[in-house]
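my_file_31.cif follows; it contains mmCIF, C-alpha atoms and all ligand atoms.
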data_target
loop_
_atom_site.label_atom_id
_atom_site.label_comp_id
_atom_site.auth_asym_id
_atom_site.auth_seq_id
_atom_site.Cartn_x
_atom_site.Cartn_y
_atom_site.Cartn_z
CA MET A 281 0.00 0.00 0.00
CA VAL A 282 2.81 2.41 0.88
CA GLN A 283 4.47 1.70 -2.47
CA GLU A 284 1.26 2.53 -4.31
CA LYS A 285 0.88 5.81 -2.41
CA ILE A 286 4.41 6.78 -3.32
CA LYS A 287 3.44 6.33 -6.98
CA ASN A 288 0.67 8.88 -6.26
CA GLN A 289 -2.19 6.40 -6.65
CA LEU A 290 -5.51 7.15 -5.03
CA ILE A 291 -6.43 4.61 -2.40
CA LEU A 292 -9.63 4.27 -0.44
CA GLU A 293 -8.39 4.07 3.13
CA SER A 294 -9.41 0.92 5.03
CA THR A 295 -8.16 1.77 8.55
CA THR A 296 -8.48 4.73 10.91
CA LEU A 297 -4.82 5.73 10.40
CA TRP A 298 -4.29 7.87 7.30
CA ASP A 299 -0.77 8.80 6.30
CA PHE A 300 -0.36 10.89 3.15
CA PRO A 301 3.08 11.60 1.70
CA ARG A 302 2.13 14.98 0.23
CA GLN A 303 -0.73 17.48 0.01
CA ASN A 304 -1.76 16.79 -3.57
CA TYR A 305 -2.43 13.85 -5.90
CA GLY A 306 -2.53 13.57 -9.68
CA ASP A 307 -1.33 16.18 -12.19
CA LYS A 308 -3.67 19.05 -11.32
CA PRO A 309 -3.56 21.20 -8.16
CA HIS A 310 -6.30 20.74 -5.52
CA GLY A 311 -6.24 23.91 -3.44
CA ASN A 312 -2.82 25.50 -3.16
CA ASN A 313 -0.07 23.69 -1.31
CA LYS A 314 1.60 27.05 -0.62
CA PHE A 315 -1.45 28.13 1.44
CA ASN A 316 -0.57 28.07 5.14
CA GLY A 317 -2.87 25.45 6.67
CA VAL A 318 -3.89 23.75 3.40
CA THR A 319 -5.70 20.40 3.76
CA PRO A 320 -4.21 17.26 2.17
CA ALA A 321 -6.44 16.66 -0.86
CA PHE A 322 -6.41 12.88 -0.27
CA ILE A 323 -8.45 13.36 2.91
CA ILE A 324 -11.29 15.03 1.04
CA TRP A 325 -11.04 12.52 -1.84
CA ASN A 326 -11.42 9.61 0.61
CA LEU A 327 -14.38 11.21 2.40
CA LEU A 328 -16.24 12.09 -0.81
CA GLN A 329 -15.74 8.57 -2.17
CA ARG A 330 -17.32 7.07 0.94
CA TYR A 331 -20.07 9.52 1.87
CA THR A 332 -21.23 11.16 -1.38
CA LYS A 333 -22.27 10.33 -4.92
CA GLU A 334 -22.23 12.25 -8.23
CA GLY A 335 -24.44 15.35 -8.16
CA ASP A 336 -24.44 15.64 -4.34
CA LEU A 337 -24.00 19.10 -2.82
CA VAL A 338 -20.71 19.36 -0.91
CA VAL A 339 -20.08 22.44 1.27
CA ASP A 340 -16.89 23.69 2.91
CA PRO A 341 -17.68 26.66 5.20
CA MET A 342 -13.98 27.53 5.79
CA CYS A 343 -12.51 26.51 2.49
CA GLY A 344 -9.16 28.34 2.51
CA SER A 345 -7.39 27.78 -0.82
CA GLY A 346 -10.30 25.76 -2.24
CA THR A 347 -9.12 22.13 -1.89
CA THR A 348 -12.65 20.86 -1.23
CA ILE A 349 -14.07 22.65 -4.28
CA ASP A 350 -11.39 21.22 -6.58
CA VAL A 351 -11.70 17.63 -5.34
CA ALA A 352 -15.51 17.74 -5.32
CA LYS A 353 -15.79 19.13 -8.86
CA GLU A 354 -13.33 16.58 -10.20
CA LEU A 355 -15.57 13.86 -8.72
CA GLU A 356 -18.64 15.50 -10.32
CA ARG A 357 -20.18 16.64 -7.06
CA ARG A 358 -21.66 20.15 -6.78
CA ALA A 359 -19.42 22.26 -4.55
CA VAL A 360 -19.89 25.47 -2.56
CA GLY A 361 -16.95 26.96 -0.68
CA TYR A 362 -17.12 29.86 1.77
CA ASP A 363 -14.41 31.70 3.66
CA ILE A 364 -14.18 34.88 5.70
CA ALA A 365 -11.18 35.83 3.50
CA PRO A 366 -11.76 34.34 0.02
CA TYR A 367 -8.51 33.21 -1.58
CA ARG A 368 -9.87 32.99 -5.13
CA GLU A 369 -12.92 34.06 -7.15
CA ASP A 370 -15.04 30.92 -6.83
CA ILE A 371 -14.95 31.14 -3.01
CA ILE A 372 -17.86 33.10 -1.50
CA LYS A 373 -17.12 35.55 1.30
CA ASN A 374 -19.08 34.44 4.35
CA ASP A 375 -18.77 33.97 8.09
CA THR A 376 -19.30 30.32 8.93
CA ARG A 377 -21.43 31.24 11.95
CA LYS A 378 -24.27 32.06 9.49
CA ILE A 379 -24.32 29.89 6.37
CA PRO A 380 -26.59 31.30 3.59
CA LEU A 381 -28.20 27.96 2.75
CA LYS A 382 -31.60 26.43 3.49
CA ASP A 383 -32.20 23.96 6.31
CA ASN A 384 -31.61 20.29 5.38
CA SER A 385 -30.23 21.08 1.91
CA VAL A 386 -26.62 19.81 1.93
CA ASP A 387 -25.32 16.27 1.34
CA PHE A 388 -21.86 16.57 2.89
CA VAL A 389 -19.80 19.15 4.81
CA PHE A 390 -16.03 19.17 5.15
CA ILE A 391 -14.35 21.68 7.49
CA ASP A 392 -10.71 22.19 8.43
CA SER A 393 -11.02 25.05 10.92
CA PRO A 394 -8.29 27.04 12.67
CA TYR A 395 -6.96 25.07 15.69
CA SER A 396 -6.06 28.21 17.64
CA ASP A 397 -4.37 31.54 16.88
CA ASN A 398 -1.20 29.82 15.58
CA ILE A 399 -1.63 30.87 11.90
CA LYS A 400 -2.42 34.34 10.56
CA TYR A 401 -4.93 33.65 7.78
CA SER A 402 -6.02 37.24 7.09
CA ASN A 403 -6.69 40.65 8.65
CA GLU A 404 -10.42 39.87 8.96
CA PRO A 405 -11.49 40.61 12.56
CA ALA A 406 -14.12 37.83 12.29
CA CYS A 407 -11.45 35.17 11.60
CA ILE A 408 -11.81 32.52 14.33
CA GLY A 409 -8.07 31.92 13.91
CA LYS A 410 -7.50 35.12 15.89
CA ILE A 411 -8.81 33.49 19.09
CA SER A 412 -6.56 31.29 21.21
CA CYS A 413 -7.84 27.77 21.89
CA GLU A 414 -6.87 28.41 25.53
CA LYS A 415 -9.97 30.63 25.73
CA GLU A 416 -13.48 29.17 26.03
CA LYS A 417 -14.58 31.75 23.45
CA PHE A 418 -12.74 29.75 20.77
CA PHE A 419 -15.02 26.75 21.38
CA GLU A 420 -18.11 28.95 21.74
CA GLU A 421 -17.48 30.35 18.24
CA LEU A 422 -16.87 26.85 16.83
CA GLU A 423 -20.16 25.78 18.41
CA LYS A 424 -21.96 28.53 16.46
CA ALA A 425 -20.40 27.10 13.27
CA THR A 426 -21.44 23.58 14.35
CA LYS A 427 -25.08 24.62 14.80
CA GLU A 428 -25.09 26.06 11.27
CA ILE A 429 -23.53 22.92 9.78
CA PHE A 430 -26.12 20.85 11.63
CA ARG A 431 -28.94 23.04 10.31
CA VAL A 432 -27.95 22.94 6.62
CA LEU A 433 -27.09 19.21 6.47
CA LYS A 434 -29.81 16.82 5.37
CA TYR A 435 -30.98 14.29 7.95
CA GLY A 436 -28.78 11.18 8.02
CA LYS A 437 -25.95 12.94 6.11
CA VAL A 438 -22.32 13.25 7.14
CA MET A 439 -19.84 15.98 8.04
CA ALA A 440 -16.10 15.65 8.69
CA TRP A 441 -14.01 18.06 10.81
CA LEU A 442 -10.20 18.12 10.82
CA ILE A 443 -8.47 19.57 13.90
CA GLY A 444 -5.25 19.32 15.92
CA ASP A 445 -4.22 19.86 19.54
CA GLN A 446 -1.98 22.64 20.83
CA TRP A 447 1.14 22.59 22.96
CA LYS A 448 2.39 26.12 23.45
CA LYS A 449 4.56 27.75 26.08
CA LYS A 450 4.59 24.51 28.13
CA LYS A 451 0.80 24.30 28.13
CA PHE A 452 -1.17 21.51 26.43
CA THR A 453 -4.71 22.19 25.18
CA PRO A 454 -6.72 19.13 24.08
CA VAL A 455 -8.44 20.97 21.23
CA GLY A 456 -9.54 17.72 19.57
CA PHE A 457 -11.18 16.27 22.71
CA LYS A 458 -12.93 19.55 23.49
CA LEU A 459 -14.24 19.93 19.95
CA TYR A 460 -15.38 16.28 19.87
CA GLN A 461 -17.24 16.69 23.17
CA MET A 462 -19.12 19.63 21.68
CA LEU A 463 -19.80 17.97 18.30
CA SER A 464 -21.24 14.89 19.99
CA LYS A 465 -24.01 17.02 21.56
CA TYR A 466 -25.42 17.41 18.04
CA PHE A 467 -24.15 14.56 15.86
CA ASP A 468 -23.77 10.78 16.05
CA THR A 469 -20.19 9.59 15.71
CA MET A 470 -19.41 7.48 12.66
CA ASP A 471 -15.68 7.21 13.34
CA ILE A 472 -12.53 9.06 14.38
CA VAL A 473 -9.53 8.95 12.05
CA CYS A 474 -5.94 9.83 12.94
CA ILE A 475 -4.14 11.81 10.22
CA THR A 476 -0.35 11.81 10.50
CA ARG A 477 1.28 15.23 10.26
CA LYS A 478 4.23 15.49 7.92
CA ASN A 479 4.58 18.96 6.48
CA GLN A 480 4.34 21.25 9.46
CA THR A 481 7.08 23.84 9.81
CA SER A 482 8.35 22.21 13.04
CA ASN A 483 9.25 18.99 11.17
CA THR A 484 12.96 19.86 11.18
CA PRO A 485 15.95 18.24 12.98
CA LEU A 486 16.26 21.38 15.14
CA TRP A 487 12.69 21.07 16.47
CA HIS A 488 13.01 17.29 16.98
CA ASN A 489 16.13 17.86 19.06
CA LEU A 490 14.47 20.65 21.07
CA ALA A 491 11.52 18.32 21.81
CA ARG A 492 13.92 15.67 23.20
CA GLU A 493 16.06 18.13 25.16
CA HIS A 494 13.16 20.05 26.71
CA ASN A 495 10.91 17.02 27.23
CA PHE A 496 7.91 17.93 25.08
CA TYR A 497 6.33 16.37 22.00
CA LEU A 498 5.84 17.85 18.55
CA ARG A 499 2.31 17.37 17.24
CA GLY A 500 2.39 14.12 15.22
CA PHE A 501 -1.27 13.78 14.20
CA LYS A 502 -4.59 15.50 13.68
CA TYR A 503 -8.09 14.20 14.36
CA LEU A 504 -10.66 13.71 11.65
CA PHE A 505 -14.08 13.49 13.29
CA ILE A 506 -16.64 11.85 11.00
CA MET A 507 -20.11 12.68 12.32
CA ARG A 508 -23.66 12.06 11.08
CA LYS A 509 -26.73 14.22 11.57
CA PRO A 510 -29.28 11.82 13.08
CA GLU A 511 -32.29 10.71 11.04
CA LYS A 512 -35.35 12.96 11.41
CA ARG A 513 -37.16 10.81 13.97
CA LYS A 514 -34.31 11.27 16.50
CA ARG A 515 -34.29 14.74 18.06
CA PRO A 516 -30.89 16.43 18.49
CA ARG A 517 -29.62 16.12 22.04
C1 LIG B 1 -7.13 25.58 7.94
S1 LIG B 1 -7.72 26.81 6.84
C2 LIG B 1 -8.65 25.89 5.67
C3 LIG B 1 -7.76 25.20 4.66
C4 LIG B 1 -8.49 24.68 3.43
N1 LIG B 1 -9.26 23.48 3.74
C5 LIG B 1 -7.55 24.43 2.30
O1 LIG B 1 -7.33 23.26 1.94
O2 LIG B 1 -6.93 25.38 1.80
C6 LIG B 1 -8.96 27.61 7.81
C7 LIG B 1 -9.72 28.71 7.08
O3 LIG B 1 -10.77 29.17 7.95
C8 LIG B 1 -11.06 30.49 7.57
N2 LIG B 1 -11.89 31.14 8.60
C9 LIG B 1 -11.53 31.55 9.83
N3 LIG B 1 -12.57 32.10 10.49
C10 LIG B 1 -13.63 32.03 9.65
C11 LIG B 1 -15.00 32.42 9.76
N4 LIG B 1 -15.47 33.04 10.86
N5 LIG B 1 -15.82 32.18 8.71
C12 LIG B 1 -15.35 31.59 7.57
N6 LIG B 1 -14.06 31.20 7.40
C13 LIG B 1 -13.20 31.41 8.44
C14 LIG B 1 -9.68 31.11 7.37
O4 LIG B 1 -9.76 32.30 6.60
C15 LIG B 1 -8.93 29.95 6.69
O5 LIG B 1 -8.92 30.10 5.31
#
Can the structure from this file be put into structure tokens for me?
Ligand SMILES: C[S@@+](CC[C@H](N)C(=O)[O-])C[C@H]1O[C@@H](n2cnc3c(N)ncnc32)[C@H](O)[C@@H]1O
Amino acid sequence: MVQEKIKNQLILESTTLWDFPRQNYGDKPHGNNKFNGVTPAFIIWNLLQRYTKEGDLVVDPMCGSGTTIDVAKELERRAVGYDIAPYREDIIKNDTRKIPLKDNSVDFVFIDSPYSDNIKYSNEPACIGKISCEKEKFFEELEKATKEIFRVLKYGKVMAWLIGDQWKKKKFTPVGFKLYQMLSKYFDTMDIVCITRKNQTSNTPLWHNLAREHNFYLRGFKYLFIMRKPEKRKRPR
């Protein structure tokens, strides 16, 4: 399997450990791998293969450089991408805490949100990436986004949320656990996937040595929470 991935083949993952050698696959770009915080396109490809079919409406409410749009269109899904700071023309400017779509109208949502205030995405004051995950406000704002995703998704349909933890200035924040706890108030859990981290800026010999010397760990993985909006007869908790 590893050999096939190295040859840039697309593989439908069969376990809950996904390890991608690079951001992109194939000959065409999917999003922009120069965009700080870009999502590996293989993640979205795997999710769309499993949880959507041709013609389905796929929405990314924080779509950054547009990876979700590119993968979805290539797979002949309909795609809508929003961002508070649109990176290209086909991305609609919108705050994810109010999604301009009807209730129960979307087949699949993918979201790779800020994990904290570690990356400067834009000068937009409404960027959630300006709030530290050490503050409860960070999770309160993500909960507003969650409620909107829940509202626009069709009953029984799936959303996937990519997020990582933070270790900063000797303080660990379990961003993934806290987000999951909140998501599970609304959605049923389908599965939790571990995505290995390869391309972060701290993946250098210097940082690895610092982690050993000063007794901390570099972030080695992200969580991918795969959640389903319950069927209509079950009321949200
Ligand atoms: C991790 S990046 C997304 C990366 C994207 N999936 C890609 O592959 O390029 C997070 C994005 O969330 C956006 N964002 C932050 N706060 C937002 C908000 N309130 N509403 C909409 N987008 C927001 C940022 O502008 C940034 O582009």
Taking 5 positions as the minimum chain separation for residues in the same chain, which residues sit within 10 Å of Glu421 (chain A) when counting all atoms listed in the file? Answer as a list in words.
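Close residues of Glu421 (chain A): Thr376, Arg377, Ile408, Ile411, Glu416 and Thr426 of chain A.
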Residues of chain A that approach ligand LIG 1 (chain B) to 7 Å or less, counting all atoms listed in the file: could you list each one with the shortest pair of atoms and its distance in Å to one decimal, rows by chain and increasing residue number, as a Markdown table?
| residue | atom | partner | partner_atom | distance |
| --- | --- | --- | --- | --- |
| A:Gly311 | CA | B:LIG1 | O2 | 5.5 |
| A:Asn312 | CA | B:LIG1 | O2 | 6.4 |
| A:Phe315 | CA | B:LIG1 | O2 | 6.1 |
| A:Gly317 | CA | B:LIG1 | C1 | 4.4 |
| A:Val318 | CA | B:LIG1 | O1 | 3.8 |
| A:Thr319 | CA | B:LIG1 | O1 | 3.8 |
| A:Pro320 | CA | B:LIG1 | O1 | 6.8 |
| A:Pro341 | CA | B:LIG1 | C12 | 5.9 |
| A:Met342 | CA | B:LIG1 | N6 | 4.0 |
| A:Cys343 | CA | B:LIG1 | C4 | 4.5 |
| A:Gly344 | CA | B:LIG1 | O5 | 3.3 |
| A:Ser345 | CA | B:LIG1 | O2 | 3.6 |
| A:Gly346 | CA | B:LIG1 | O2 | 5.3 |
| A:Thr347 | CA | B:LIG1 | O1 | 4.4 |
| A:Thr348 | CA | B:LIG1 | N1 | 6.6 |
| A:Tyr362 | CA | B:LIG1 | C12 | 6.3 |
| A:Asp363 | CA | B:LIG1 | N6 | 3.8 |
| A:Ile364 | CA | B:LIG1 | C12 | 4.0 |
| A:Ala365 | CA | B:LIG1 | O4 | 4.9 |
| A:Asn374 | CA | B:LIG1 | C12 | 5.7 |
| A:Asp375 | CA | B:LIG1 | N5 | 3.5 |
| A:Thr376 | CA | B:LIG1 | N5 | 4.0 |
| A:Arg377 | CA | B:LIG1 | N4 | 6.3 |
| A:Ile391 | CA | B:LIG1 | N1 | 6.6 |
| A:Asp392 | CA | B:LIG1 | C1 | 5.0 |
| A:Ser393 | CA | B:LIG1 | C6 | 4.5 |
| A:Pro394 | CA | B:LIG1 | C6 | 4.9 |
| A:Tyr401 | CA | B:LIG1 | O4 | 5.2 |
| A:Ser402 | CA | B:LIG1 | O4 | 6.2 |
| A:Ala406 | CA | B:LIG1 | N4 | 5.2 |
| A:Cys407 | CA | B:LIG1 | N3 | 3.5 |
| A:Ile408 | CA | B:LIG1 | N3 | 3.9 |
| A:Gly409 | CA | B:LIG1 | C9 | 5.4 |
Dump as a compact mmCIF listing (two decimals), in the frame of the given file, selection limited to C-alpha atoms:
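What ended up in selection.txt:
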# COMPACT_ATOMS: atom_id res chain seq x y z
CA GLY A 311 -6.24 23.91 -3.44
CA ASN A 312 -2.82 25.50 -3.16
CA PHE A 315 -1.45 28.13 1.44
CA GLY A 317 -2.87 25.45 6.67
CA VAL A 318 -3.89 23.75 3.40
CA THR A 319 -5.70 20.40 3.76
CA PRO A 320 -4.21 17.26 2.17
CA PRO A 341 -17.68 26.66 5.20
CA MET A 342 -13.98 27.53 5.79
CA CYS A 343 -12.51 26.51 2.49
CA GLY A 344 -9.16 28.34 2.51
CA SER A 345 -7.39 27.78 -0.82
CA GLY A 346 -10.30 25.76 -2.24
CA THR A 347 -9.12 22.13 -1.89
CA THR A 348 -12.65 20.86 -1.23
CA TYR A 362 -17.12 29.86 1.77
CA ASP A 363 -14.41 31.70 3.66
CA ILE A 364 -14.18 34.88 5.70
CA ALA A 365 -11.18 35.83 3.50
CA ASN A 374 -19.08 34.44 4.35
CA ASP A 375 -18.77 33.97 8.09
CA THR A 376 -19.30 30.32 8.93
CA ARG A 377 -21.43 31.24 11.95
CA ILE A 391 -14.35 21.68 7.49
CA ASP A 392 -10.71 22.19 8.43
CA SER A 393 -11.02 25.05 10.92
CA PRO A 394 -8.29 27.04 12.67
CA TYR A 401 -4.93 33.65 7.78
CA SER A 402 -6.02 37.24 7.09
CA ALA A 406 -14.12 37.83 12.29
CA CYS A 407 -11.45 35.17 11.60
CA ILE A 408 -11.81 32.52 14.33
CA GLY A 409 -8.07 31.92 13.91
For Gly444 (chain A), which of A:Phe505, A:Trp298, A:Phe390, A:Trp487 is the closest residue, counting only C-alpha atoms?
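For Gly444 (chain A), the nearest of the given residues is A:Phe505.
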At a cut-off of 9 Å from (-7.7, 15.7, -1.9) in the coordinates of the file, what residues are picked up using all atoms listed in the file, written as a list in words?
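These residues have at least one counted atom within 9 Å: Gln303, Asn304, Tyr305, His310, Gly311, Thr319, Pro320, Ala321, Phe322, Ile323, Ile324, Trp325, Asn326, Thr347, Thr348, Asp350, Val351 and Ala352 of chain A.
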May I have the residues within 12 Å of Thr453 (chain A) as an mmCIF file with C-alpha atoms, in the frame of the given file, using only C-alpha atoms and disregarding those fewer than 2 positions away in the same chain?
data_model
loop_
_atom_site.group_PDB
_atom_site.id
_atom_site.type_symbol
_atom_site.label_atom_id
_atom_site.label_comp_id
_atom_site.auth_asym_id
_atom_site.auth_seq_id
_atom_site.Cartn_x
_atom_site.Cartn_y
_atom_site.Cartn_z
ATOM 1 C CA TYR A 395 -6.960 25.070 15.690
ATOM 2 C CA SER A 396 -6.060 28.210 17.640
ATOM 3 C CA SER A 412 -6.560 31.290 21.210
ATOM 4 C CA CYS A 413 -7.840 27.770 21.890
ATOM 5 C CA GLU A 414 -6.870 28.410 25.530
ATOM 6 C CA LYS A 415 -9.970 30.630 25.730
ATOM 7 C CA GLU A 416 -13.480 29.170 26.030
ATOM 8 C CA PHE A 418 -12.740 29.750 20.770
ATOM 9 C CA PHE A 419 -15.020 26.750 21.380
ATOM 10 C CA GLY A 444 -5.250 19.320 15.920
ATOM 11 C CA ASP A 445 -4.220 19.860 19.540
ATOM 12 C CA GLN A 446 -1.980 22.640 20.830
ATOM 13 C CA TRP A 447 1.140 22.590 22.960
ATOM 14 C CA LYS A 448 2.390 26.120 23.450
ATOM 15 C CA LYS A 449 4.560 27.750 26.080
ATOM 16 C CA LYS A 450 4.590 24.510 28.130
ATOM 17 C CA LYS A 451 0.800 24.300 28.130
ATOM 18 C CA VAL A 455 -8.440 20.970 21.230
ATOM 19 C CA GLY A 456 -9.540 17.720 19.570
ATOM 20 C CA PHE A 457 -11.180 16.270 22.710
ATOM 21 C CA LYS A 458 -12.930 19.550 23.490
ATOM 22 C CA LEU A 459 -14.240 19.930 19.950
ATOM 23 C CA ARG A 499 2.310 17.370 17.240
#
Students should find that CA of Ile399 (chain A) and CA of Leu504 (chain A) are spaced 19.4 Å
So the first atom is CA of Pro366 (chain A) and the second is CA of Thr332 (chain A); what is the distance between them in Å, to one decimal place?
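Between CA of Pro366 (chain A) and CA of Thr332 (chain A) the gap works out to 25.1 Å.
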